[in-house]
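A short write-up of the structure that comes next.
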Amino acid sequence: MANTVTASVSAPRGDAEIGQFLHENAFVAGAWCAADDGSTLPVYDPATEAQIGNVPSLGVTETRRAIAAASQSLPGWKSRLPQERADILRTWYELIVENREALAKLMTLEQGKPLDEARGEIDYAASFVRWFSEEACRTYGETIPSHLSGSKLMVQREPIGVVATITPWNFPSGMLTRKAAAALAAGCTVVAVVSAETPYSALALADLAEQAGLPAGTFSVLTGEPQIIVPELCSAPEVRALSFTGSTEVGRLLLAAGATTVKKMSMELGGHAPFIVFPDADIEVAAAAAISAKFQTSGQDCLAANRIYVHEQIYDEFVDAFAAAARTLKLGNGFEPGVDIGPLIDTNAVSKCQRHVNDAVKKGAQLVIDGTQTDLGPRFFAPTVLTDISEDMLIFTEETFGPVAGITRFSDEAQVVTSANNTEYGLIAYVYTRDNSRALRLGDALEYGMVAVNTAKITGPSIPFGGIKQSGLGREGARQGIDEFTELKYICMAT
């Protein structure tokens, strides 16, 4: 059951819905616990910078305890009938849906995103639990026509074993269920490491998973310093797979650390999405879509449009439409009605946005909307629009991860494809055109794992989410998502 909220917790308006799920203990090996040494980490509301509460700062001992419990519970969990695992996941899904409002409020409190966006993320998180509850019964094998006389050849999928997941602060519920539900459906056990900035959303999901009937040790949620916890997971031979969502820089370090035990790695890393608008596109529609692609989650999204390319024939008209829409976005506390842009996660994020703006202006960009000054607090950065950005600017080469939009013009298709592909990232690209032949050409030519044509909305449990190049390895969601947590076994039987 959820802990009682202590005096140190300042839920808005004394909201009891939030309080019932605000855990100040971690969930390790089927038990709610503090750190063995009593150490804690504070958690803050990014909108007010008030302390919400504390979570345990777990160490090596507790991490090893979670790994041992996952190893011990693995034989029993993977030997259950797929339908039994599916039933437990389905119950977890139903509990998430039942508690949608409380979970959304908790997310807004610790992450800052507007409440409507938080509700959308809870729906998104729940959708993966439902999807993989159904996929649990579909880890099919195959038979192979034999090349050997008197032999039967078969291939089956088996759970890979104990899985470690590492999830970020920008989607604290959606990223956890997208990984954990797939692994659990496959018959794996999970040790989850969650962001110290947004731990409560994950701990609330652990509460509901326990209520749904997940056996003790099957699913642990660890809080604390990743520099202490993650090396233990990477070096433990019992942990056979690691799934990570975060920056490319950290992804490289994890790949190196996991190599010592040859772990299977799946990673969703950084993005630097181009948003390309051709002259035949509907300008108002494209501008509205670009607003959505740029400013959702206050721009703190790996899918965010970071470089907006607009054909020179419609450039001025598009900029006017985009800027007009950006000016209507409301900045504020995520609990306030009508807010579109909440606070950034910390002051470092604000500093990066400011650095990108200053660099662009210094190098010749035009500041159409200046969001750099706001009196709402040190973690707020208002929607900002830069035009005439160029390839020598930081915003053109780095992922901004904030509400700063950079727009540039192009003259021909080959030029824009070359420029869009000129990055180490390859997560998603957006294309707006009413020419179907061009859309098909761009779909082939753009070096990205996902291409969205005439839409800014592509995510959901049924798609194989993921990037290429240095934006990641493997896929999450769809039928391919469960493959990340299985291994193929070939059996040759003489008949």
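Scheme for the structure tokens: letters A, B, ... for chains in order shown; per-chain residue numbers from 1; ligand numbers from 1 in order shown.
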Open item on the list: Show me, as number ranges by chain, the residues that have an atom within 10 Å of Phe128 of chain A when counting only C-alpha atoms, minus same-chain residues fewer than 2 positions from it.
Closed with: A: 89, 93, 123-126, 130-134, 174-182, 460-462, 476-478
TODO: Tell me, as a list in words, which residues lie within 7 Å of Ala326 of chain A, counting only C-alpha atoms; anything in the same chain fewer than 4 positions away does not count.
DONE: Ile291, Phe322 and Pro383 of chain A
- [ ] Fewer than 2 positions away in the same chain doesn't count, so skip those; otherwise give me all residues within 9 Å of Lys457 of chain A, counting only C-alpha atoms, as an NGL selection string.
- [x] :A and (289 or 292-293 or 452 or 455 or 459)
Residues just named, written with N, CA and C atoms as a PDB file, in the first residue's frame:
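Contents of the output file out_35.pdb:
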```pdb
ATOM      1  N   ALA A 289       1.263  21.626 -37.037  1.00  0.00           N
ATOM      2  CA  ALA A 289       1.942  20.367 -36.741  1.00  0.00           C
ATOM      3  C   ALA A 289       3.342  20.617 -36.209  1.00  0.00           C
ATOM      4  N   SER A 292       3.222  21.500 -32.604  1.00  0.00           N
ATOM      5  CA  SER A 292       3.049  20.294 -31.787  1.00  0.00           C
ATOM      6  C   SER A 292       4.346  19.511 -31.680  1.00  0.00           C
ATOM      7  N   ALA A 293       5.025  19.334 -32.821  1.00  0.00           N
ATOM      8  CA  ALA A 293       6.256  18.545 -32.834  1.00  0.00           C
ATOM      9  C   ALA A 293       7.378  19.222 -32.066  1.00  0.00           C
ATOM     10  N   ALA A 452       7.686  10.583 -40.430  1.00  0.00           N
ATOM     11  CA  ALA A 452       6.282  10.966 -40.326  1.00  0.00           C
ATOM     12  C   ALA A 452       5.923  11.869 -41.490  1.00  0.00           C
ATOM     13  N   THR A 455       2.023  14.358 -40.724  1.00  0.00           N
ATOM     14  CA  THR A 455       1.502  14.165 -39.373  1.00  0.00           C
ATOM     15  C   THR A 455       2.627  14.382 -38.378  1.00  0.00           C
ATOM     16  N   THR A 459       3.286   7.956 -32.397  1.00  0.00           N
ATOM     17  CA  THR A 459       3.599   6.991 -31.350  1.00  0.00           C
ATOM     18  C   THR A 459       2.376   6.183 -30.931  1.00  0.00           C
TER      19      THR A 459
END
```
TODO: Please return as a PyMOL selection string: the residues of segment 188-436 of chain A that backbone DSSP assigns to helix (DSSP H, G or I).
DONE: chain A and resi 199-212+226-235+248-261+283-299+315-327+347-362+394-397+413-421+436
TODO: Determine, counting only C-alpha atoms, which protein, DNA and RNA residues have an atom within 6 Å of an atom of segment 62-74 of chain A; residues of the same chain fewer than 2 positions away are not included. Present the result as a list of chain:residue names.
DONE: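 Here the answer would be A:Val28, A:Ala29, A:Gly59, A:Val60, A:Gly76, A:Trp77, A:Lys78, A:Thr189, A:Gly217, A:Thr218.
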I'd like a table as a Markdown table: residues in segment 450-486 of chain A with an atom no more than 12 Å from segment 295-303 of chain A, each row giving the shortest atom pair and its distance in Å to one decimal, only C-alpha atoms counted, sorted by chain and rising residue number.
```
| residue | atom | partner | partner_atom | distance |
| --- | --- | --- | --- | --- |
| A:Met450 | CA | A:Leu303 | CA | 10.0 |
| A:Val451 | CA | A:Leu303 | CA | 10.9 |
| A:Ala452 | CA | A:Leu303 | CA | 10.7 |
| A:Ala456 | CA | A:Leu303 | CA | 9.4 |
| A:Lys457 | CA | A:Leu303 | CA | 10.0 |
| A:Ile458 | CA | A:Leu303 | CA | 9.9 |
| A:Thr459 | CA | A:Leu303 | CA | 9.8 |
| A:Phe465 | CA | A:Leu303 | CA | 10.8 |
| A:Gly466 | CA | A:Leu303 | CA | 10.4 |
| A:Gly467 | CA | A:Leu303 | CA | 10.4 |
| A:Ser471 | CA | A:Cys302 | CA | 9.4 |
| A:Gly472 | CA | A:Cys302 | CA | 11.4 |
```
TODO: Could you give me, as a list in words, the residues within 9 Å of Glu447 of chain A, counting only C-alpha atoms and dropping anything in the same chain fewer than 5 positions from it?
DONE: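 Result of the neighbour search: Val417, Ala420, Asn421, Tyr425, Gly426, Leu427, Ile428, Ala429, Ile468 and Lys469 of chain A.
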Task: Exercise: segment 41-47 of chain A partners within 8 Å, only C-alpha atoms, chain neighbours under 5 positions left out, as a PyMOL selection string - done: chain A and resi 52-57+109-112+196-198+224+332-334+342-346+377+379-380
TODO: Compare A:Gly187, A:Gly213, A:Gly402, A:Pro337 by their minimum atom-to-atom distance to Gln354 of chain A, counting only C-alpha atoms, and give me the closest one.
DONE: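 Of all the options, A:Gly402 lies closest to Gln354 of chain A.
Compared by their closest atoms to Leu222 of chain A, and using only C-alpha atoms, the residues A:Val239, A:Cys353, A:Ala26, A:Ala31 rank with A:Ala26 nearest.
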Open item on the list: I'd like to know which of A:Met265, A:Leu329, A:Val230, A:Ala216 is closest to Leu58 of chain A, using only C-alpha atoms.
Closed with: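 Answer, going by the shortest atom-to-atom distance: A:Val230.
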Task: Best match for closeness to Ala259 of chain A among A:Gly161, A:Pro231, A:Gly449, A:Gly271, counting only C-alpha atoms - done: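 With only C-alpha atoms as the atom set, the closest residue is A:Pro231.
Among the candidates A:Met154, A:Ala136, A:Met107, A:Glu232, the residue lying nearest to Thr61 of chain A is A:Glu232 (atoms considered: only C-alpha atoms).
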Open item on the list: Measuring between only C-alpha atoms, which one of A:Leu331, A:Leu148, A:Leu208, A:Leu103 shows the shortest distance to Pro172 of chain A?
Closed with: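 Of A:Leu331, A:Leu148, A:Leu208, A:Leu103, the one nearest Pro172 of chain A, counting only C-alpha atoms, is A:Leu103.
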Open item on the list: Would you compute the distance between atom CA of Gly474 of chain A and atom CA of Arg157 of chain A? Give it in Å to one decimal.
Closed with: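 Computing it gives 16.8 Å between the two atoms.
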